[in-house]
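Reproduced below: my_file14.txt, with compact mmCIF, C-alpha atoms.
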# COMPACT_ATOMS: atom_id res chain seq x y z
CA MET A 1 0.00 0.00 0.00
CA PHE A 2 2.69 2.45 0.98
CA THR A 3 4.75 2.59 -2.22
CA SER A 4 7.13 5.40 -3.06
CA GLN A 5 5.68 8.72 -4.15
CA THR A 6 7.63 8.62 -7.42
CA SER A 7 5.79 5.52 -8.57
CA SER A 8 2.47 6.99 -7.45
CA ILE A 9 2.97 9.89 -9.84
CA GLN A 10 3.12 7.49 -12.79
CA ASP A 11 0.20 5.49 -11.40
CA SER A 12 -1.93 8.63 -11.22
CA PHE A 13 -1.74 9.02 -14.99
CA ASP A 14 -3.82 5.87 -15.31
CA VAL A 15 -6.77 7.40 -13.44
CA GLU A 16 -9.56 8.51 -15.75
CA GLU A 17 -10.09 12.22 -15.25
CA LYS A 18 -13.53 13.75 -14.91
CA ASP A 19 -14.69 15.68 -18.00
CA THR A 20 -11.94 14.30 -20.23
CA ASP A 21 -12.06 11.81 -23.08
CA PHE A 22 -8.33 11.24 -23.57
CA ASP A 23 -6.34 8.38 -22.06
CA ASN A 24 -2.78 7.89 -20.90
CA GLU A 25 -1.43 6.88 -24.32
CA GLU A 26 -2.88 10.00 -25.94
CA ILE A 27 -1.36 12.24 -23.27
CA MET A 28 2.03 10.63 -23.72
CA ALA A 29 1.71 11.09 -27.49
CA TYR A 30 1.64 14.82 -26.82
CA ASN A 31 4.79 14.36 -24.80
CA GLN A 32 6.68 13.39 -27.96
CA LYS A 33 5.98 16.74 -29.63
CA THR A 34 8.52 19.49 -29.22
CA GLN A 35 5.97 22.15 -30.12
CA LEU A 36 2.18 22.23 -30.30
CA ASN A 37 0.30 24.44 -32.71
CA CYS A 38 -2.93 26.00 -31.50
CA TYR A 39 -6.14 26.63 -33.41
CA TYR A 40 -9.64 27.98 -32.97
CA SER A 41 -13.00 27.70 -34.72
CA ILE A 42 -16.35 29.36 -34.13
CA TYR A 43 -19.66 28.13 -35.57
CA PHE A 44 -23.23 29.42 -35.77
CA TYR A 45 -25.62 26.79 -34.47
CA GLN A 46 -29.37 26.76 -35.21
CA SER A 47 -31.79 24.18 -33.95
CA THR A 48 -33.97 24.64 -37.06
CA ARG A 49 -33.05 25.82 -40.55
CA SER A 50 -34.23 29.30 -41.56
CA GLU A 51 -33.52 31.29 -44.70
CA ALA A 52 -33.07 34.53 -42.75
CA ALA A 53 -30.39 32.99 -40.57
CA ASP A 54 -28.59 31.60 -43.61
CA VAL A 55 -28.35 35.10 -45.13
CA LYS A 56 -26.89 36.59 -41.95
CA VAL A 57 -24.40 33.80 -41.37
CA ALA A 58 -23.31 33.83 -45.01
CA ARG A 59 -21.93 37.35 -44.54
CA SER A 60 -19.25 35.92 -42.25
CA HIS A 61 -18.38 32.79 -44.27
CA ARG A 62 -14.98 32.78 -45.88
CA ARG A 63 -15.07 29.23 -47.26
CA THR A 64 -17.41 27.25 -49.46
CA GLU A 65 -19.45 24.30 -48.22
CA SER A 66 -19.12 25.64 -44.67
CA THR A 67 -22.48 24.49 -43.36
CA THR A 68 -23.32 21.04 -42.00
CA SER A 69 -27.00 20.15 -41.77
CA GLU A 70 -28.75 17.53 -39.66
CA ASP A 71 -32.45 16.77 -39.32
CA ASP A 72 -32.95 19.20 -36.45
CA PHE A 73 -30.10 21.72 -36.68
CA SER A 74 -27.52 23.40 -38.88
CA LEU A 75 -23.92 24.24 -38.02
CA SER A 76 -22.27 27.01 -40.06
CA LEU A 77 -18.66 28.14 -40.00
CA VAL A 78 -18.07 31.72 -38.89
CA ASP A 79 -14.27 31.78 -38.61
CA SER A 80 -11.41 29.33 -38.09
CA SER A 81 -7.63 29.21 -37.99
CA LEU A 82 -7.58 25.51 -38.90
CA PRO A 83 -6.21 24.39 -42.31
CA PRO A 84 -8.99 24.13 -44.93
CA GLU A 85 -8.80 20.35 -45.01
CA ALA A 86 -9.08 20.04 -41.19
CA GLU A 87 -12.00 22.38 -40.48
CA PRO A 88 -14.75 20.18 -42.05
CA GLU A 89 -13.44 17.26 -39.98
CA LEU A 90 -13.84 19.29 -36.80
CA ARG A 91 -17.32 20.42 -37.90
CA CYS A 92 -18.38 16.80 -38.41
CA TYR A 93 -17.09 15.93 -34.95
CA ILE A 94 -19.04 18.82 -33.36
CA SER A 95 -22.17 17.81 -35.29
CA ARG A 96 -21.94 14.34 -33.83
CA ARG A 97 -21.58 15.80 -30.33
CA LEU A 98 -24.59 18.05 -30.86
CA SER A 99 -26.66 15.15 -32.24
CA LYS A 100 -25.95 13.20 -29.06
CA GLY A 101 -26.79 16.17 -26.84
CA ALA A 102 -23.21 16.13 -25.53
CA LEU A 103 -22.72 19.93 -25.67
CA LEU A 104 -24.55 21.80 -22.92
CA GLY A 105 -24.87 25.57 -22.83
CA GLY A 106 -21.98 27.27 -21.05
CA MET A 107 -20.28 24.00 -20.05
CA GLY A 108 -17.17 23.24 -22.07
CA ASN A 109 -15.75 19.76 -22.44
CA ILE A 110 -12.43 18.31 -23.54
CA ALA A 111 -11.65 15.51 -25.97
CA THR A 112 -8.81 14.39 -28.20
CA VAL A 113 -9.70 14.66 -31.89
CA GLU A 114 -7.83 13.44 -34.95
CA LEU A 115 -7.64 16.07 -37.69
CA SER A 116 -5.60 16.77 -40.83
CA VAL A 117 -3.07 18.89 -38.94
CA PRO A 118 0.66 18.28 -38.29
CA GLU A 119 -0.07 16.99 -34.78
CA GLN A 120 -2.70 14.54 -36.12
CA ALA A 121 -4.35 14.37 -32.67
CA VAL A 122 -4.99 17.53 -30.66
CA GLY A 123 -6.80 18.37 -27.44
CA CYS A 124 -10.10 20.04 -28.34
CA TYR A 125 -12.15 22.23 -26.00
CA CYS A 126 -15.74 22.89 -27.18
CA CYS A 127 -18.34 25.15 -25.60
CA LEU A 128 -21.89 26.01 -26.67
CA LEU A 129 -22.59 29.71 -26.05
CA GLU A 130 -26.33 30.27 -25.84
CA GLN A 131 -27.54 33.74 -26.78
CA GLU A 132 -30.15 35.56 -24.73
CA ARG A 133 -33.54 35.84 -26.40
CA SER A 134 -36.55 38.01 -25.74
CA PRO A 135 -39.77 36.20 -24.79
CA ASP A 136 -41.52 37.32 -28.00
CA GLN A 137 -38.71 36.18 -30.32
CA VAL A 138 -39.89 33.48 -32.74
CA GLU A 139 -37.75 30.36 -33.08
CA GLY A 140 -35.85 30.31 -36.37
CA GLU A 141 -36.05 34.04 -37.14
CA GLY A 142 -32.30 34.59 -37.31
CA ASN A 143 -31.74 33.58 -33.72
CA GLY A 144 -29.19 30.94 -32.88
CA ASP A 145 -26.24 30.07 -30.69
CA TYR A 146 -22.49 29.73 -31.19
CA VAL A 147 -20.10 26.84 -30.71
CA VAL A 148 -16.55 27.94 -29.85
CA CYS A 149 -13.63 25.49 -30.15
CA PHE A 150 -10.04 25.86 -28.99
CA LEU A 151 -7.60 23.14 -29.97
CA GLY A 152 -4.48 22.43 -27.93
CA GLY A 153 -5.40 23.44 -24.39
CA LEU A 154 -7.60 22.96 -21.34
CA GLU A 155 -9.74 24.81 -18.79
CA LEU A 156 -11.15 27.58 -20.96
CA ASP A 157 -14.65 28.20 -19.58
CA LYS A 158 -13.80 31.65 -18.19
CA TYR A 159 -12.01 32.76 -21.35
CA VAL A 160 -14.79 31.68 -23.70
CA GLN A 161 -17.42 33.46 -21.57
CA GLY A 162 -15.49 36.70 -22.18
CA LEU A 163 -16.54 36.40 -25.82
CA LYS A 164 -20.25 36.21 -25.12
CA ASP A 165 -21.05 39.94 -25.19
CA SER A 166 -19.26 40.38 -28.53
CA LEU A 167 -21.40 37.88 -30.45
CA SER A 168 -24.45 38.79 -32.51
CA PRO A 169 -26.08 37.34 -35.66
CA GLU A 170 -24.54 40.05 -37.88
CA LEU A 171 -21.02 39.85 -36.37
CA PRO A 172 -19.86 43.31 -37.54
CA ASN A 173 -16.88 43.12 -35.18
CA LEU A 174 -15.45 39.83 -36.46
CA GLU A 175 -12.25 41.37 -37.85
CA THR A 176 -11.67 44.01 -35.16
CA GLU A 177 -12.68 42.24 -31.95
CA ILE A 178 -13.72 38.58 -32.20
CA ARG A 179 -10.87 37.22 -34.33
CA PRO A 180 -8.09 38.90 -32.26
CA TYR A 181 -9.73 37.62 -29.06
CA LEU A 182 -9.95 34.08 -30.41
CA SER A 183 -6.35 34.21 -31.63
CA ARG A 184 -5.05 35.05 -28.12
CA TRP A 185 -6.72 32.12 -26.36
CA TYR A 186 -3.62 29.94 -26.18
CA GLU A 187 -1.30 32.63 -24.84
CA GLU A 188 -3.82 33.92 -22.32
CA SER A 189 -5.45 30.73 -21.05
CA VAL A 190 -2.96 27.90 -21.47
CA MET A 191 0.59 29.21 -21.39
CA HIS A 192 0.44 30.72 -17.87
CA ILE A 193 1.31 27.37 -16.24
CA HIS A 194 4.28 27.00 -18.59
CA ARG A 195 5.44 30.56 -17.86
CA VAL A 196 5.30 29.99 -14.10
CA VAL A 197 7.28 26.73 -14.28
CA GLN A 198 9.86 28.45 -16.49
CA LEU A 199 10.04 31.33 -14.01
CA VAL A 200 10.65 29.38 -10.79
CA GLN A 201 12.09 26.12 -12.25
CA GLY A 202 12.94 23.67 -9.44
CA ASN A 203 11.31 25.95 -6.86
CA ILE A 204 7.90 24.97 -8.26
CA SER A 205 7.48 22.66 -5.25
CA TYR A 206 7.20 25.71 -2.97
CA LEU A 207 4.26 26.99 -5.01
CA LEU A 208 2.62 23.55 -5.03
CA HIS A 209 2.94 23.33 -1.24
CA ALA A 210 1.59 26.87 -0.81
CA ALA A 211 -1.42 25.98 -2.96
CA LEU A 212 -2.24 22.80 -1.03
CA SER A 213 -1.78 24.46 2.37
CA HIS A 214 -3.73 27.64 1.50
CA THR A 215 -0.65 29.77 2.20
CA HIS A 216 -0.92 33.45 1.35
CA MET A 217 1.49 34.67 -1.30
CA GLU A 218 2.92 37.98 -2.48
CA VAL A 219 4.81 38.60 -5.73
CA THR A 220 7.06 41.66 -5.99
CA GLY A 221 9.34 43.06 -8.68
CA ALA A 222 7.22 41.61 -11.50
CA ASP A 223 4.88 42.93 -14.17
CA GLU A 224 1.13 42.49 -13.91
CA ARG A 225 1.00 39.49 -16.23
CA THR A 226 3.57 37.60 -14.15
CA LYS A 227 1.66 38.38 -10.95
CA ALA A 228 -1.55 37.19 -12.58
CA ASP A 229 0.18 34.04 -13.89
CA VAL A 230 1.43 33.07 -10.43
CA ALA A 231 -1.96 33.78 -8.83
CA ARG A 232 -3.72 31.64 -11.44
CA PHE A 233 -1.21 28.84 -10.98
CA ILE A 234 -1.77 28.83 -7.21
CA LYS A 235 -5.53 28.78 -7.72
CA ALA A 236 -5.31 25.98 -10.29
CA ALA A 237 -3.11 23.88 -7.98
CA SER A 238 -5.21 24.44 -4.87
CA LEU A 239 -8.02 22.23 -3.63
CA GLN A 240 -10.42 25.18 -3.42
CA GLY A 241 -13.89 23.95 -4.29
CA LEU A 242 -12.83 20.33 -3.76
CA VAL A 243 -12.78 20.39 0.05
CA GLN A 244 -15.51 21.56 2.40
CA GLU A 245 -15.96 25.35 2.49
CA ASP A 246 -15.81 25.54 6.30
CA THR A 247 -12.53 23.61 6.21
CA THR A 248 -11.05 26.08 3.73
CA ALA A 249 -12.30 29.02 5.82
CA SER A 250 -10.76 27.59 9.00
CA LEU A 251 -7.43 27.02 7.27
CA CYS A 252 -7.34 30.51 5.77
CA LYS A 253 -8.16 32.06 9.13
CA ALA A 254 -5.44 30.11 10.94
CA ILE A 255 -2.85 30.93 8.30
CA SER A 256 -3.77 34.64 8.19
CA GLU A 257 -2.97 34.85 11.91
CA ASP A 258 0.59 33.71 11.21
CA SER A 259 2.35 36.36 9.11
CA ARG A 260 5.47 34.18 8.97
CA SER A 261 3.65 31.75 6.70
CA GLU A 262 3.27 34.20 3.82
CA LEU A 263 5.23 33.06 0.76
CA MET A 264 7.22 35.94 -0.75
CA ILE A 265 8.44 35.78 -4.36
CA ASP A 266 10.81 38.57 -5.42
CA CYS A 267 11.12 38.60 -9.21
CA SER A 268 13.59 41.52 -9.34
CA SER A 269 16.42 38.96 -9.55
CA SER A 270 16.85 35.95 -11.81
CA PRO A 271 16.02 33.37 -10.67
CA PRO A 272 13.42 34.86 -8.31
CA THR A 273 14.17 34.94 -4.58
CA ILE A 274 11.63 33.00 -2.50
CA THR A 275 11.20 33.76 1.20
CA ASN A 276 9.36 31.62 3.78
CA ALA A 277 9.59 28.72 1.36
CA VAL A 278 8.15 25.42 2.61
CA SER A 279 7.89 22.14 0.76
CA ASN A 280 7.68 18.42 1.52
CA ARG A 281 8.60 15.15 -0.14
CA PHE A 282 5.23 14.86 -1.90
CA CYS A 283 5.63 18.22 -3.66
CA ASP A 284 9.34 17.67 -4.32
CA ASP A 285 8.61 14.41 -6.11
CA TRP A 286 6.53 16.27 -8.73
CA ILE A 287 9.27 18.77 -9.65
CA GLN A 288 10.82 16.68 -12.43
CA ALA A 289 7.47 15.96 -14.08
CA PHE A 290 6.76 19.69 -14.35
CA LEU A 291 10.27 20.51 -15.58
CA ASN A 292 10.20 17.77 -18.23
CA ALA A 293 6.86 18.95 -19.63
CA ALA A 294 7.99 22.60 -19.60
CA GLU A 295 11.21 21.70 -21.41
CA ARG A 296 9.14 20.11 -24.17
CA SER A 297 7.00 23.28 -24.42
CA ASN A 298 3.92 21.20 -23.77
CA PRO A 299 1.37 23.16 -21.70
CA PHE A 300 -1.31 20.57 -22.47
CA LEU A 301 0.69 17.95 -20.57
CA LEU A 302 1.57 20.50 -17.85
CA ARG A 303 -2.11 21.03 -17.15
CA GLN A 304 -2.71 17.29 -17.01
CA ILE A 305 0.22 16.86 -14.59
CA LEU A 306 -1.23 19.60 -12.38
CA GLU A 307 -4.63 17.90 -12.33
CA ASN A 308 -3.02 14.56 -11.46
CA PHE A 309 -1.05 16.25 -8.68
CA LYS A 310 -4.33 17.50 -7.19
CA LEU A 311 -6.01 14.14 -7.73
CA LYS A 312 -3.28 12.32 -5.81
CA ALA A 313 -3.49 14.87 -2.96
CA ILE A 314 -7.26 14.37 -2.74
CA GLN A 315 -6.89 10.58 -2.75
CA ASP A 316 -4.40 10.79 0.11
CA MET A 317 -6.67 13.18 2.01
CA ASN A 318 -9.61 10.80 1.68
CA ASN A 319 -7.43 7.86 2.79
CA LEU A 320 -6.35 9.76 5.91
CA LYS A 321 -9.94 10.65 6.80
CA ARG A 322 -10.89 6.99 6.52
CA PHE A 323 -7.96 5.93 8.70
CA ILE A 324 -8.87 8.53 11.34
CA ARG A 325 -12.43 7.21 11.51
CA GLN A 326 -11.10 3.67 11.90
CA ALA A 327 -8.53 4.77 14.50
CA GLU A 328 -11.32 5.91 16.81
CA MET A 329 -12.11 2.22 17.30
CA SER A 330 -8.82 0.45 16.62
CA HIS A 331 -5.22 0.95 17.75
CA TYR A 332 -4.09 -0.97 14.68
CA ALA A 333 -5.81 1.60 12.45
CA LEU A 334 -3.90 4.32 14.32
CA PHE A 335 -0.70 2.46 13.51
CA ARG A 336 -1.76 2.32 9.86
CA CYS A 337 -2.34 6.09 9.98
CA CYS A 338 1.24 6.58 11.14
CA LEU A 339 2.61 4.34 8.41
CA PHE A 340 0.51 6.10 5.78
CA LEU A 341 1.65 9.59 6.82
CA GLN A 342 5.24 8.42 6.91
CA GLY A 343 4.99 6.99 3.41
CA CYS A 344 2.95 9.62 1.57
CA GLY A 345 5.35 12.52 2.14
CA ASN A 346 2.50 14.99 2.49
CA GLY A 347 1.67 14.50 6.18
CA ASP A 348 1.95 18.16 7.20
CA VAL A 349 -0.61 19.29 4.62
CA LEU A 350 -2.95 16.35 5.20
CA LEU A 351 -2.99 16.84 8.97
CA GLN A 352 -3.47 20.58 8.55
CA ASN A 353 -6.62 19.93 6.51
CA ALA A 354 -7.77 17.14 8.83
CA ARG A 355 -7.36 19.37 11.89
CA ALA A 356 -9.54 22.08 10.33
CA GLU A 357 -12.17 19.61 9.13
CA HIS A 358 -12.44 17.77 12.47
CA SER A 359 -12.17 20.85 14.71
CA GLY A 360 -15.49 20.09 16.43
CA MET A 361 -14.85 16.38 16.99
CA ALA A 362 -12.97 15.74 20.26
CA GLU A 363 -12.01 12.13 19.62
CA ALA A 364 -10.78 12.80 16.08
CA CYS A 365 -8.80 15.81 17.34
CA SER A 366 -7.03 13.68 19.93
CA ILE A 367 -6.04 11.20 17.22
CA ILE A 368 -4.76 14.02 15.03
CA ARG A 369 -2.64 15.33 17.92
CA VAL A 370 -1.08 11.86 18.30
CA LEU A 371 -0.35 11.81 14.57
CA GLU A 372 1.18 15.29 14.71
CA GLU A 373 3.45 14.20 17.56
CA PHE A 374 4.44 11.15 15.53
CA LEU A 375 5.39 13.26 12.51
CA SER A 376 7.28 15.71 14.72
CA GLU A 377 9.31 12.87 16.27
CA GLN A 378 10.00 11.47 12.80
CA ALA A 379 11.24 14.86 11.60
CA GLN A 380 13.49 15.27 14.63
CA GLY A 381 14.88 11.78 14.14
CA ALA A 382 15.65 12.52 10.48
CA ALA A 383 17.39 15.78 11.46
CA HIS A 384 19.74 13.88 13.75

Represent the supplied structure as C-alpha cells.
Amino acid sequence: MFTSQTSSIQDSFDVEEKDTDFDNEEIMAYNQKTQLNCYYSIYFYQSTRSEAADVKVARSHRRTESTTSEDDFSLSLVDSSLPPEAEPELRCYISRRLSKGALLGGMGNIATVELSVPEQAVGCYCCLLEQERSPDQVEGEGNGDYVVCFLGGLELDKYVQGLKDSLSPELPNLETEIRPYLSRWYEESVMHIHRVVQLVQGNISYLLHAALSHTHMEVTGADERTKADVARFIKAASLQGLVQEDTTASLCKAISEDSRSELMIDCSSSPPTITNAVSNRFCDDWIQAFLNAAERSNPFLLRQILENFKLKAIQDMNNLKRFIRQAEMSHYALFRCCLFLQGCGNGDVLLQNARAEHSGMAEACSIIRVLEEFLSEQAQGAAH
C-alpha cells in the first residue's frame, strides 16, 4: 500500500479524469511533440433551418461548403484558424456531439480529436454559447447560438465566456474584436502554467505546497502578467472547491494569523528569490514531471500533470480521513495512519486539513494530535 511517491505519480496518470475523453497513451503522445500548434473555430448553431439565418451567417463565411445540416439543426462556419482540409473534420465531430446532446450551454468539455493537422491528434475544448432571447422572439427568425472550439489546451470556460457579449447574428466586429480575441486564447489561457514553471524552475514545489496548504502569497518586482500568472497557478493547484468550504475558511483564518507563513516571491532577480519557502517530499517528487513537460514546451501535458497532482493529494486526504475514523475504534488503524503519513510525504498538509475539518470532533482531534506528535518525532529523528 505504501509505495514510493515517485511511482504513485506514474500510477496517477492511469486514473480517468472527470470531463476528459483522452487516455494515458494519448497524453504521452503529446509528450513526444517538441511544439504544439494551436487553433480555434467558431460556428453558428441553429436548432432549425431558416432562410433569414442563412443570409446573416453567409456574410461571415470565408469558405465554401461551410455548413453542415442535420435533421434538427444546422452548423455554419463563422471563422477558423484551422487548415482548410481540417476544419470540415472538426465540424463533423461537433455535429456528432450536438446530435448526441453532448454539448450543454456554457459548459465546455475536452476531448482528443484526430484532424488533418501536423499533430494529427490535438486536445479540443468545445463550448456552446447560448444567446439571450426576448420572450416574444420566434424560433428560427435569425436567432441561434455559437459553438466555440479551442484546440491544444484545457480549462477555458472563463475565457470563452469573455466572448459572449461580442457575439451577434450580424457579427460586424469579427475582424476588429472577435478574431483577435480568439487568436489570443492559447497565450492567455494555457501558457500561464508554462510561464510559471519556467520562471521558478525547481522551486515549483514551494508553489505547489503553498497551494495545497492555502498559504498566502505575495509577488514583488514583476509585471502584472507575471503576478496574474502566479496567482492563477496557485488557484489551479489548490483544492479550493474540492474540500468543504468551512474547512477552507478555518485554514485561511489560521494561516492569516501567522504572518510568517506568507510566501514571498521577489522577481527583481533571476532566478526569483523565495522567502518563507516550505515544501515536503510529496511536492518535491513532482518537480521533475513539471520541468520535463515545460522543457518540451507542452502546456497541455503540464495542465494534465497539475490535475493529477491535485487528484493524488485528494486521494491521500480521503485515505487519511478513513484511517482517522477507523482509528477511533482500533489501535491498529492508528498504527496504519502513522505508516501512511510516513509513506505519503504529504503529512503536514494532510494533517493541517484534517485538523480544520475535524475541529469540532474531540475524539478525532485527539487522534490528530497523536499523529502530529508522531510526525514531529520522525522529523526530529531525520534531522539527527

Distance in Å - atom CA of Phe374 of chain A versus atom CA of Trp286 of chain A: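 Computing the Euclidean distance for atom CA of Phe374 of chain A and atom CA of Trp286 of chain A yields 24.9 Å.
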
From A:Ser189, A:Ser183, A:Asn276, A:Ser168, residue lying nearest Glu218 of chain A [only C-alpha atoms]: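 Among the listed residues, the smallest separation from Glu218 of chain A belongs to A:Asn276.
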
Using all atoms listed in the file: which of A:Pro88, A:Gly162, A:Pro299, A:Gly347 has the shortest distance to His194 of chain A: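 Nearest to His194 of chain A: A:Pro299.
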
Surrounding residues of His192 of chain A excluding itself and chain neighbours under 6 positions, 8 Å, only C-alpha atoms, as a PDB file with C-alpha atoms, in the coordinates of the input:
ATOM      1  CA  ASP A 229       0.180  34.040 -13.890  1.00  0.00           C
ATOM      2  CA  VAL A 230       1.430  33.070 -10.430  1.00  0.00           C
ATOM      3  CA  ARG A 232      -3.720  31.640 -11.440  1.00  0.00           C
ATOM      4  CA  PHE A 233      -1.210  28.840 -10.980  1.00  0.00           C
TER       5      PHE A 233
END

Atom pair atom CA of Pro169 of chain A / atom CA of Arg184 of chain A: separation (Å):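 Separation between atom CA of Pro169 of chain A and atom CA of Arg184 of chain A: 22.5 Å.
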